[in-house]
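Q: structure.cif is the file, holding mmCIF, C-alpha atoms and all ligand atoms; chains and numbers go by the auth columns:
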```cif
data_input
#
loop_
_atom_site.group_PDB
_atom_site.id
_atom_site.type_symbol
_atom_site.label_atom_id
_atom_site.label_comp_id
_atom_site.label_asym_id
_atom_site.label_seq_id
_atom_site.Cartn_x
_atom_site.Cartn_y
_atom_site.Cartn_z
_atom_site.B_iso_or_equiv
_atom_site.auth_seq_id
_atom_site.auth_asym_id
ATOM 1 C CA MET A 1 4.673 26.319 23.593 0.00 1 A
ATOM 2 C CA LYS A 2 4.128 25.069 20.075 0.00 2 A
ATOM 3 C CA GLY A 3 4.099 21.398 19.240 0.00 3 A
ATOM 4 C CA LYS A 4 7.259 19.643 18.226 0.00 4 A
ATOM 5 C CA ASN A 5 6.084 17.080 15.763 0.00 5 A
ATOM 6 C CA PRO A 6 8.028 16.583 12.541 0.00 6 A
ATOM 7 C CA GLY A 7 6.792 19.222 10.127 0.00 7 A
ATOM 8 C CA ASP A 8 5.991 21.867 12.764 0.00 8 A
ATOM 9 C CA LEU A 9 7.914 25.020 11.902 0.00 9 A
ATOM 10 C CA PRO A 10 9.246 26.894 14.950 0.00 10 A
ATOM 11 C CA VAL A 11 8.810 30.669 15.170 0.00 11 A
ATOM 12 C CA GLY A 12 11.384 32.559 13.110 0.00 12 A
ATOM 13 C CA GLN A 13 12.376 29.563 10.977 0.00 13 A
ATOM 14 C CA HIS A 14 11.906 28.708 7.299 0.00 14 A
ATOM 15 C CA TRP A 15 12.284 25.381 5.504 0.00 15 A
ATOM 16 C CA ILE A 16 15.154 24.675 3.140 0.00 16 A
ATOM 17 C CA GLU A 17 15.737 21.548 1.053 0.00 17 A
ATOM 18 C CA GLU A 18 19.524 21.435 0.684 0.00 18 A
ATOM 19 C CA TRP A 19 21.424 20.724 3.878 0.00 19 A
ATOM 20 C CA PRO A 20 24.158 23.388 4.205 0.00 20 A
ATOM 21 C CA VAL A 21 27.546 22.979 5.864 0.00 21 A
ATOM 22 C CA ARG A 22 28.135 25.389 8.708 0.00 22 A
ATOM 23 C CA THR A 23 31.524 25.003 10.400 0.00 23 A
ATOM 24 C CA ALA A 24 33.630 27.508 12.315 0.00 24 A
ATOM 25 C CA GLU A 25 36.889 25.523 12.469 0.00 25 A
ATOM 26 C CA PRO A 26 38.780 23.396 9.939 0.00 26 A
ATOM 27 C CA PRO A 27 37.433 19.818 9.932 0.00 27 A
ATOM 28 C CA PRO A 28 39.655 17.440 11.916 0.00 28 A
ATOM 29 C CA ASP A 29 42.414 15.507 10.221 0.00 29 A
ATOM 30 C CA VAL A 30 41.860 12.196 12.028 0.00 30 A
ATOM 31 C CA GLU A 31 41.323 8.784 10.457 0.00 31 A
ATOM 32 C CA PRO A 32 38.050 7.084 11.470 0.00 32 A
ATOM 33 C CA GLU A 33 40.117 3.970 12.344 0.00 33 A
ATOM 34 C CA SER A 34 41.889 5.874 15.084 0.00 34 A
ATOM 35 C CA TRP A 35 38.889 7.972 16.217 0.00 35 A
ATOM 36 C CA THR A 36 38.139 7.863 19.915 0.00 36 A
ATOM 37 C CA LEU A 37 35.239 9.191 21.925 0.00 37 A
ATOM 38 C CA ARG A 38 36.190 9.948 25.511 0.00 38 A
ATOM 39 C CA ILE A 39 33.751 10.315 28.396 0.00 39 A
ATOM 40 C CA THR A 40 35.523 12.289 31.103 0.00 40 A
ATOM 41 C CA GLY A 41 35.004 14.500 34.135 0.00 41 A
ATOM 42 C CA LEU A 42 32.468 13.695 36.840 0.00 42 A
ATOM 43 C CA VAL A 43 31.879 10.024 36.072 0.00 43 A
ATOM 44 C CA LYS A 44 32.616 6.941 38.152 0.00 44 A
ATOM 45 C CA ARG A 45 34.176 5.326 35.100 0.00 45 A
ATOM 46 C CA SER A 46 35.969 7.319 32.384 0.00 46 A
ATOM 47 C CA LEU A 47 35.638 5.745 28.949 0.00 47 A
ATOM 48 C CA THR A 48 37.697 5.791 25.776 0.00 48 A
ATOM 49 C CA LEU A 49 35.714 4.202 22.974 0.00 49 A
ATOM 50 C CA ARG A 50 36.613 3.449 19.383 0.00 50 A
ATOM 51 C CA LEU A 51 33.931 3.684 16.703 0.00 51 A
ATOM 52 C CA PRO A 52 32.988 -0.018 16.646 0.00 52 A
ATOM 53 C CA GLU A 53 32.538 0.127 20.411 0.00 53 A
ATOM 54 C CA VAL A 54 30.323 3.220 20.096 0.00 54 A
ATOM 55 C CA ARG A 55 28.194 1.491 17.469 0.00 55 A
ATOM 56 C CA GLY A 56 28.059 -1.571 19.695 0.00 56 A
ATOM 57 C CA PHE A 57 25.782 0.277 22.104 0.00 57 A
ATOM 58 C CA GLY A 58 23.069 -0.272 19.512 0.00 58 A
ATOM 59 C CA ALA A 59 21.772 2.090 16.861 0.00 59 A
ATOM 60 C CA VAL A 60 18.332 3.637 16.715 0.00 60 A
ATOM 61 C CA GLU A 61 16.707 5.795 14.053 0.00 61 A
ATOM 62 C CA VAL A 62 14.750 8.959 14.741 0.00 62 A
ATOM 63 C CA VAL A 63 13.060 11.213 12.199 0.00 63 A
ATOM 64 C CA ARG A 64 13.407 14.861 13.203 0.00 64 A
ATOM 65 C CA ASP A 65 13.763 18.309 11.697 0.00 65 A
ATOM 66 C CA PHE A 66 17.055 20.206 12.129 0.00 66 A
ATOM 67 C CA HIS A 67 16.891 23.890 13.107 0.00 67 A
ATOM 68 C CA CYS A 68 19.787 26.359 12.862 0.00 68 A
ATOM 69 C CA VAL A 69 19.487 29.518 14.935 0.00 69 A
ATOM 70 C CA GLU A 70 20.231 31.525 11.781 0.00 70 A
ATOM 71 C CA SER A 71 16.647 30.605 10.734 0.00 71 A
ATOM 72 C CA TRP A 72 16.979 27.675 8.344 0.00 72 A
ATOM 73 C CA SER A 73 15.360 24.329 9.095 0.00 73 A
ATOM 74 C CA VAL A 74 15.947 21.064 7.229 0.00 74 A
ATOM 75 C CA PRO A 75 12.869 18.828 7.450 0.00 75 A
ATOM 76 C CA ASP A 76 12.518 15.084 7.893 0.00 76 A
ATOM 77 C CA ASN A 77 16.004 13.846 8.620 0.00 77 A
ATOM 78 C CA THR A 78 16.258 10.174 9.484 0.00 78 A
ATOM 79 C CA TRP A 79 19.164 10.135 11.910 0.00 79 A
ATOM 80 C CA LYS A 80 20.852 6.858 12.795 0.00 80 A
ATOM 81 C CA GLY A 81 23.037 6.681 15.849 0.00 81 A
ATOM 82 C CA VAL A 82 23.455 5.681 19.452 0.00 82 A
ATOM 83 C CA PRO A 83 21.408 7.346 22.201 0.00 83 A
ATOM 84 C CA VAL A 84 23.975 9.139 24.364 0.00 84 A
ATOM 85 C CA HIS A 85 22.256 7.967 27.548 0.00 85 A
ATOM 86 C CA ARG A 86 23.327 4.384 26.852 0.00 86 A
ATOM 87 C CA ILE A 87 26.982 5.398 26.896 0.00 87 A
ATOM 88 C CA LEU A 88 26.577 7.630 29.940 0.00 88 A
ATOM 89 C CA GLU A 89 24.886 4.847 31.858 0.00 89 A
ATOM 90 C CA LEU A 90 28.083 2.817 31.503 0.00 90 A
ATOM 91 C CA ALA A 91 30.206 5.806 32.524 0.00 91 A
ATOM 92 C CA ASN A 92 27.927 6.317 35.517 0.00 92 A
ATOM 93 C CA PRO A 93 27.705 10.092 36.232 0.00 93 A
ATOM 94 C CA LEU A 94 28.480 11.230 39.761 0.00 94 A
ATOM 95 C CA PRO A 95 25.613 12.917 41.652 0.00 95 A
ATOM 96 C CA GLU A 96 27.175 16.380 41.245 0.00 96 A
ATOM 97 C CA ALA A 97 27.356 16.087 37.427 0.00 97 A
ATOM 98 C CA CYS A 98 24.661 18.406 36.045 0.00 98 A
ATOM 99 C CA TYR A 99 26.294 19.844 32.909 0.00 99 A
ATOM 100 C CA ALA A 100 28.439 18.695 30.042 0.00 100 A
ATOM 101 C CA ILE A 101 30.821 20.224 27.577 0.00 101 A
ATOM 102 C CA VAL A 102 31.008 18.457 24.230 0.00 102 A
ATOM 103 C CA ARG A 103 34.261 18.864 22.300 0.00 103 A
ATOM 104 C CA SER A 104 35.579 18.404 18.801 0.00 104 A
ATOM 105 C CA PRO A 105 39.296 17.979 17.985 0.00 105 A
ATOM 106 C CA GLY A 106 39.478 21.380 16.247 0.00 106 A
ATOM 107 C CA GLY A 107 38.552 23.196 19.461 0.00 107 A
ATOM 108 C CA PHE A 108 34.771 23.600 18.993 0.00 108 A
ATOM 109 C CA GLU A 109 32.858 23.254 22.250 0.00 109 A
ATOM 110 C CA THR A 110 29.226 23.395 23.239 0.00 110 A
ATOM 111 C CA ASN A 111 27.618 23.055 26.654 0.00 111 A
ATOM 112 C CA LEU A 112 24.544 21.025 27.501 0.00 112 A
ATOM 113 C CA LEU A 113 22.538 20.096 30.546 0.00 113 A
ATOM 114 C CA LEU A 114 23.178 16.487 31.495 0.00 114 A
ATOM 115 C CA GLU A 115 19.412 15.936 31.421 0.00 115 A
ATOM 116 C CA VAL A 116 19.371 17.042 27.763 0.00 116 A
ATOM 117 C CA LEU A 117 22.124 14.548 26.934 0.00 117 A
ATOM 118 C CA LEU A 118 19.998 11.865 28.586 0.00 118 A
ATOM 119 C CA ARG A 119 16.944 12.526 26.359 0.00 119 A
ATOM 120 C CA ALA A 120 15.954 9.480 24.320 0.00 120 A
ATOM 121 C CA ASP A 121 16.377 11.382 21.026 0.00 121 A
ATOM 122 C CA THR A 122 19.815 12.866 21.794 0.00 122 A
ATOM 123 C CA LEU A 123 22.014 10.754 19.540 0.00 123 A
ATOM 124 C CA LEU A 124 25.602 10.351 18.438 0.00 124 A
ATOM 125 C CA VAL A 125 24.961 9.958 14.724 0.00 125 A
ATOM 126 C CA TRP A 126 26.894 8.581 11.731 0.00 126 A
ATOM 127 C CA GLU A 127 24.088 8.216 9.147 0.00 127 A
ATOM 128 C CA ARG A 128 21.411 10.467 7.704 0.00 128 A
ATOM 129 C CA ASN A 129 18.656 9.242 5.370 0.00 129 A
ATOM 130 C CA GLY A 130 20.357 5.879 4.962 0.00 130 A
ATOM 131 C CA GLU A 131 23.761 7.244 3.989 0.00 131 A
ATOM 132 C CA PRO A 132 26.913 7.832 5.991 0.00 132 A
ATOM 133 C CA LEU A 133 27.353 11.465 6.956 0.00 133 A
ATOM 134 C CA SER A 134 29.872 13.317 4.843 0.00 134 A
ATOM 135 C CA TRP A 135 33.009 14.417 6.643 0.00 135 A
ATOM 136 C CA ASP A 136 31.808 18.050 6.414 0.00 136 A
ATOM 137 C CA HIS A 137 28.642 17.128 8.277 0.00 137 A
ATOM 138 C CA GLY A 138 30.545 15.567 11.138 0.00 138 A
ATOM 139 C CA TYR A 139 31.452 11.999 10.237 0.00 139 A
ATOM 140 C CA PRO A 140 32.395 9.784 11.980 0.00 140 A
ATOM 141 C CA LEU A 141 30.373 10.931 15.003 0.00 141 A
ATOM 142 C CA ARG A 142 28.195 13.966 15.489 0.00 142 A
ATOM 143 C CA LEU A 143 25.743 14.908 18.138 0.00 143 A
ATOM 144 C CA VAL A 144 22.122 15.532 17.157 0.00 144 A
ATOM 145 C CA VAL A 145 19.869 17.219 19.721 0.00 145 A
ATOM 146 C CA PRO A 146 16.681 17.738 17.707 0.00 146 A
ATOM 147 C CA ASP A 147 14.863 20.167 20.010 0.00 147 A
ATOM 148 C CA LEU A 148 17.839 22.521 20.444 0.00 148 A
ATOM 149 C CA TYR A 149 19.235 24.929 17.867 0.00 149 A
ATOM 150 C CA ALA A 150 21.862 23.185 15.790 0.00 150 A
ATOM 151 C CA TYR A 151 24.878 24.886 17.372 0.00 151 A
ATOM 152 C CA LYS A 152 24.375 22.311 20.139 0.00 152 A
ATOM 153 C CA SER A 153 24.692 19.459 17.627 0.00 153 A
ATOM 154 C CA ALA A 154 28.494 19.284 17.686 0.00 154 A
ATOM 155 C CA LYS A 155 30.193 17.658 14.722 0.00 155 A
ATOM 156 C CA TRP A 156 33.193 15.283 15.101 0.00 156 A
ATOM 157 C CA VAL A 157 32.577 14.601 18.776 0.00 157 A
ATOM 158 C CA SER A 158 35.721 13.389 20.524 0.00 158 A
ATOM 159 C CA GLU A 159 34.953 14.144 24.171 0.00 159 A
ATOM 160 C CA ILE A 160 31.952 14.550 26.443 0.00 160 A
ATOM 161 C CA ARG A 161 33.064 15.967 29.772 0.00 161 A
ATOM 162 C CA LEU A 162 30.624 16.041 32.703 0.00 162 A
ATOM 163 C CA LEU A 163 30.844 19.049 35.005 0.00 163 A
ATOM 164 C CA SER A 164 29.213 20.427 38.130 0.00 164 A
ATOM 165 C CA GLU A 165 29.070 23.960 36.691 0.00 165 A
ATOM 166 C CA ASN A 166 27.741 25.360 33.446 0.00 166 A
ATOM 167 C CA ARG A 167 30.549 26.609 31.196 0.00 167 A
ATOM 168 C CA PRO A 168 29.834 28.338 27.866 0.00 168 A
ATOM 169 C CA GLY A 169 31.025 26.786 24.624 0.00 169 A
ATOM 170 C CA THR A 170 32.173 28.372 21.371 0.00 170 A
ATOM 171 C CA TRP A 171 28.898 30.003 20.303 0.00 171 A
ATOM 172 C CA GLU A 172 27.578 30.482 23.824 0.00 172 A
ATOM 173 C CA LYS A 173 30.580 32.755 24.538 0.00 173 A
ATOM 174 C CA GLN A 174 29.398 34.923 21.610 0.00 174 A
ATOM 175 C CA GLY A 175 26.016 35.468 23.288 0.00 175 A
ATOM 176 C CA TYR A 176 24.055 32.534 21.917 0.00 176 A
ATOM 177 C CA HIS A 177 21.721 31.035 24.474 0.00 177 A
ATOM 178 C CA SER A 178 23.077 28.377 26.796 0.00 178 A
ATOM 179 C CA GLY A 179 19.764 26.491 26.696 0.00 179 A
ATOM 180 C CA ALA A 180 18.983 26.843 22.962 0.00 180 A
ATOM 181 C CA GLU A 181 15.513 25.281 23.175 0.00 181 A
ATOM 182 C CA VAL A 182 13.944 25.714 19.741 0.00 182 A
ATOM 183 C CA TRP A 183 10.331 25.589 20.909 0.00 183 A
ATOM 184 C CA THR A 184 10.699 28.479 23.323 0.00 184 A
ATOM 185 C CA GLY A 185 12.977 30.443 20.977 0.00 185 A
ATOM 186 C CA GLU A 186 16.104 30.533 23.179 0.00 186 A
ATOM 187 C CA ARG A 187 18.326 32.204 20.570 0.00 187 A
ATOM 188 C CA PHE A 188 20.356 34.740 22.589 0.00 188 A
ATOM 189 C CA GLU A 189 21.113 35.193 26.262 0.00 189 A
ATOM 190 C CA PRO A 190 18.880 38.028 27.527 0.00 190 A
ATOM 191 C CA GLU A 191 21.761 40.403 28.346 0.00 191 A
ATOM 192 C CA SER A 192 22.994 40.380 24.748 0.00 192 A
ATOM 193 C CA THR A 193 19.670 41.091 22.988 0.00 193 A
HETATM 194 N N1 LIG B . 32.567 20.994 15.523 0.00 201 A
HETATM 195 C C1 LIG B . 31.604 21.828 15.133 0.00 201 A
HETATM 196 N N2 LIG B . 30.331 21.457 15.282 0.00 201 A
HETATM 197 C C2 LIG B . 29.341 22.294 14.882 0.00 201 A
HETATM 198 C C3 LIG B . 29.619 23.571 14.350 0.00 201 A
HETATM 199 C C4 LIG B . 30.978 23.937 14.220 0.00 201 A
HETATM 200 O O1 LIG B . 31.320 25.038 13.758 0.00 201 A
HETATM 201 N N3 LIG B . 31.940 23.030 14.616 0.00 201 A
HETATM 202 N N4 LIG B . 28.610 24.410 13.977 0.00 201 A
HETATM 203 C C5 LIG B . 27.290 24.186 14.574 0.00 201 A
HETATM 204 C C6 LIG B . 26.248 24.932 13.894 0.00 201 A
HETATM 205 S S1 LIG B . 26.132 26.597 14.224 0.00 201 A
HETATM 206 C C7 LIG B . 25.349 24.348 13.077 0.00 201 A
HETATM 207 S S2 LIG B . 24.074 25.191 12.363 0.00 201 A
HETATM 208 C C8 LIG B . 25.476 22.909 12.741 0.00 201 A
HETATM 209 C C9 LIG B . 25.517 22.758 11.263 0.00 201 A
HETATM 210 O O2 LIG B . 25.673 21.409 10.915 0.00 201 A
HETATM 211 P P1 LIG B . 25.908 21.057 9.415 0.00 201 A
HETATM 212 O O3 LIG B . 27.165 21.755 8.950 0.00 201 A
HETATM 213 O O4 LIG B . 25.999 19.581 9.360 0.00 201 A
HETATM 214 O O5 LIG B . 24.710 21.611 8.679 0.00 201 A
HETATM 215 O O6 LIG B . 26.635 22.304 13.289 0.00 201 A
HETATM 216 C C10 LIG B . 26.944 22.694 14.584 0.00 201 A
HETATM 217 N N5 LIG B . 28.041 21.885 15.033 0.00 201 A
HETATM 218 MO MO MO B . 24.027 27.236 13.275 0.00 202 A
#
```
Translate the structure of the given file into structure tokens.
A:
Amino acid sequence: MKGKNPGDLPVGQHWIEEWPVRTAEPPPDVEPESWTLRITGLVKRSLTLRLPEVRGFGAVEVVRDFHCVESWSVPDNTWKGVPVHRILELANPLPEACYAIVRSPGGFETNLLLEVLLRADTLLVWERNGEPLSWDHGYPLRLVVPDLYAYKSAKWVSEIRLLSENRPGTWEKQGYHSGAEVWTGERFEPEST
């Protein structure tokens, strides 16, 4: 496995400077003031959080590259957001919770291992390089999972549902890899290559 320091280029990727917008569904028509993030499913305590409450978990900054499975990589993004594990600790996952499905209001879904959501650098982000994200890039709340291909980094996150079984999301149903680890090149599920 190659290293994963900022500036390391994964196999099959190339650097680009401009950050493109890549969205399958129309962006949601929801005011930030009424935005809620819900934590549902296999938790002891379901949560419905407004944006100030999400930010109240405490923001961190991480500097990481951003890799789309279609081969472009945007270097050196300073992401500011809340580590998801802080929110999940309050929700308190049940022992049988091993997977999650992350949802956006427009119907986009992506699945993740709970242990990936608990990584220190898995963030719910609202700022990049010192500026608020644009709406197209997922404001007011987007997931960033730096070591997974970017189809796991759901924009406009409104629900994180914990599950006992792995269920494919929007791109995973099209044959994209459920794991999506950049550093081992998990682009497609084996049966579809
Ligand atoms: N809600 C939602 N999130 C999404 C997507 C999407 O279509 N809808 N596309 C994914 C894909 S394939 C990529 S490459 C990144 C792109 O993020 P960007 O548009 O901010 O560059 O968002 C991911 N998150
Ligand atoms: Mo992508």
Q: Which is closest to ligand MO 202 (chain A) among A:Arg38, A:Arg22, A:Arg64, A:His137, if we use all atoms listed in the file?
A: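 Ranked by minimum distance to ligand MO 202 (chain A), first place goes to A:Arg22.
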Q: Take the PyMOL selection byres (((not hetatm)) within 6 of (chain A and resi 201)), run it mentally on this structure, and tell me the resulting residues as a ChimeraX atom specification.
A: /A:19-25,68,104,108,137,150-151,153-156
Q: Might you spell out which residues the PyMOL selection byres (((chain A and resi 180) around 10) and not hetatm) would select in the displayed file, as an NGL selection string?
A: :A and (69 or 112 or 147-152 or 172 or 176-179 or 181-189)
Q: So that I have them on file, write out the residues from the current selection with C-alpha atoms, as a PDB file, keeping the file's coordinate frame.
A:
```pdb
ATOM      1  CA  VAL A  69      19.487  29.518  14.935  1.00  0.00           C
ATOM      2  CA  LEU A 112      24.544  21.025  27.501  1.00  0.00           C
ATOM      3  CA  ASP A 147      14.863  20.167  20.010  1.00  0.00           C
ATOM      4  CA  LEU A 148      17.839  22.521  20.444  1.00  0.00           C
ATOM      5  CA  TYR A 149      19.235  24.929  17.867  1.00  0.00           C
ATOM      6  CA  ALA A 150      21.862  23.185  15.790  1.00  0.00           C
ATOM      7  CA  TYR A 151      24.878  24.886  17.372  1.00  0.00           C
ATOM      8  CA  LYS A 152      24.375  22.311  20.139  1.00  0.00           C
ATOM      9  CA  GLU A 172      27.578  30.482  23.824  1.00  0.00           C
ATOM     10  CA  TYR A 176      24.055  32.534  21.917  1.00  0.00           C
ATOM     11  CA  HIS A 177      21.721  31.035  24.474  1.00  0.00           C
ATOM     12  CA  SER A 178      23.077  28.377  26.796  1.00  0.00           C
ATOM     13  CA  GLY A 179      19.764  26.491  26.696  1.00  0.00           C
ATOM     14  CA  GLU A 181      15.513  25.281  23.175  1.00  0.00           C
ATOM     15  CA  VAL A 182      13.944  25.714  19.741  1.00  0.00           C
ATOM     16  CA  TRP A 183      10.331  25.589  20.909  1.00  0.00           C
ATOM     17  CA  THR A 184      10.699  28.479  23.323  1.00  0.00           C
ATOM     18  CA  GLY A 185      12.977  30.443  20.977  1.00  0.00           C
ATOM     19  CA  GLU A 186      16.104  30.533  23.179  1.00  0.00           C
ATOM     20  CA  ARG A 187      18.326  32.204  20.570  1.00  0.00           C
ATOM     21  CA  PHE A 188      20.356  34.740  22.589  1.00  0.00           C
ATOM     22  CA  GLU A 189      21.113  35.193  26.262  1.00  0.00           C
TER      23      GLU A 189
END
```
Q: Name the residues in contact with A:Pro52 at a cut-off of 12 Å, using all atoms listed in the file, excluding same-chain residues fewer than 5 positions from it; report them as number ranges by chain.
A: A: 32-37, 57-59, 82, 126, 140-141
Q: Taking 6 positions as the minimum chain separation for residues in the same chain, which residues sit within 8 Å of A:Pro6 when counting all atoms listed in the file? Answer as a VMD selection string.
A: chain A and resid 63 to 65 75 to 76
Q: Which residues, written as a ChimeraX atom specification, have at least one atom at most 8 Å from A:Arg45, with all atoms listed in the file counted and residues fewer than 6 positions away on the same chain left out?
A: /A:90-92
Q: State, in Å with one decimal place, the distance from atom CA of A:Cys98 to atom CA of A:Val84.
A: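 Between atom CA of A:Cys98 and atom CA of A:Val84 the gap works out to 14.9 Å.
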Q: Could you work out an axis-aligned bounding box for all listed atoms of stretch 82-92 of chain A, with 4 Å added on each of the six sides, and give its centre and edge lengths in Å to one decimal, as lines of an AutoDock Vina configuration file?
A:
```
center_x = 25.8
center_y = 6.0
center_z = 27.5
size_x = 16.8
size_y = 14.3
size_z = 24.1
```
Q: Rank nothing, just name the residue among A:Thr78, A:Glu109, A:Ile87, A:Asp29 nearest to A:Thr48, using all atoms listed in the file.
A: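 The shortest atom-to-atom distance to A:Thr48 comes from A:Ile87.
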Q: What does the structure give for the distance between atom CA of A:Glu159 and atom CA of A:Arg128, in Å to one decimal?
A: 21.6 Å
Q: For a quick check of understanding, using all atoms listed in the file, which of A:Asp8, A:Glu70, A:Glu53, A:Glu61 has the smallest distance to ligand MO 202 (chain A)?
A: A:Glu70
Q: Determine the residue set returned by the PyMOL selection byres (((chain A and resi 114-125) around 9) and not hetatm) for the present structure, and present it as an mmCIF file with C-alpha atoms, keeping the file's coordinate frame.
A:
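Writing the result to out_20.cif gives the following:
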```cif
data_model
loop_
_atom_site.group_PDB
_atom_site.id
_atom_site.type_symbol
_atom_site.label_atom_id
_atom_site.label_comp_id
_atom_site.auth_asym_id
_atom_site.auth_seq_id
_atom_site.Cartn_x
_atom_site.Cartn_y
_atom_site.Cartn_z
ATOM 1 C CA VAL A 54 30.323 3.220 20.096
ATOM 2 C CA ALA A 59 21.772 2.090 16.861
ATOM 3 C CA VAL A 60 18.332 3.637 16.715
ATOM 4 C CA GLU A 61 16.707 5.795 14.053
ATOM 5 C CA VAL A 62 14.750 8.959 14.741
ATOM 6 C CA TRP A 79 19.164 10.135 11.910
ATOM 7 C CA LYS A 80 20.852 6.858 12.795
ATOM 8 C CA GLY A 81 23.037 6.681 15.849
ATOM 9 C CA VAL A 82 23.455 5.681 19.452
ATOM 10 C CA PRO A 83 21.408 7.346 22.201
ATOM 11 C CA VAL A 84 23.975 9.139 24.364
ATOM 12 C CA HIS A 85 22.256 7.967 27.548
ATOM 13 C CA ARG A 86 23.327 4.384 26.852
ATOM 14 C CA LEU A 88 26.577 7.630 29.940
ATOM 15 C CA ALA A 97 27.356 16.087 37.427
ATOM 16 C CA CYS A 98 24.661 18.406 36.045
ATOM 17 C CA TYR A 99 26.294 19.844 32.909
ATOM 18 C CA ALA A 100 28.439 18.695 30.042
ATOM 19 C CA LEU A 112 24.544 21.025 27.501
ATOM 20 C CA LEU A 113 22.538 20.096 30.546
ATOM 21 C CA TRP A 126 26.894 8.581 11.731
ATOM 22 C CA GLU A 127 24.088 8.216 9.147
ATOM 23 C CA ARG A 128 21.411 10.467 7.704
ATOM 24 C CA LEU A 133 27.353 11.465 6.956
ATOM 25 C CA GLY A 138 30.545 15.567 11.138
ATOM 26 C CA TYR A 139 31.452 11.999 10.237
ATOM 27 C CA PRO A 140 32.395 9.784 11.980
ATOM 28 C CA LEU A 141 30.373 10.931 15.003
ATOM 29 C CA ARG A 142 28.195 13.966 15.489
ATOM 30 C CA LEU A 143 25.743 14.908 18.138
ATOM 31 C CA VAL A 144 22.122 15.532 17.157
ATOM 32 C CA VAL A 145 19.869 17.219 19.721
ATOM 33 C CA PRO A 146 16.681 17.738 17.707
ATOM 34 C CA ASP A 147 14.863 20.167 20.010
ATOM 35 C CA VAL A 157 32.577 14.601 18.776
ATOM 36 C CA LEU A 162 30.624 16.041 32.703
ATOM 37 C CA LEU A 163 30.844 19.049 35.005
#
```
Q: Counting all atoms listed in the file, which residue out of A:Gly41, A:Gly12, A:Pro27, A:Gly7 sits closest to A:Asp136?
A: A:Pro27
Q: Just how far from atom CA of A:Pro190 is atom CA of A:Pro168, in Å to one decimal?
A: 14.6 Å
Q: Ranking A:Val74, A:Ile39, A:Leu94, A:Leu49 by minimum distance to A:Ile160 and counting all atoms listed in the file, which one comes first?
A: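 Closest to A:Ile160 of all the choices is A:Ile39.
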Q: Rank A:Ser71, A:Thr40, A:Gln13, A:Asn111 by their smallest atom-to-atom distance to ligand MO 202 (chain A), using only C-alpha atoms and all ligand atoms, and report the top residue only.
A: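 Checking each of A:Ser71, A:Thr40, A:Gln13, A:Asn111 against ligand MO 202 (chain A), counting only C-alpha atoms and all ligand atoms, the winner is A:Ser71.
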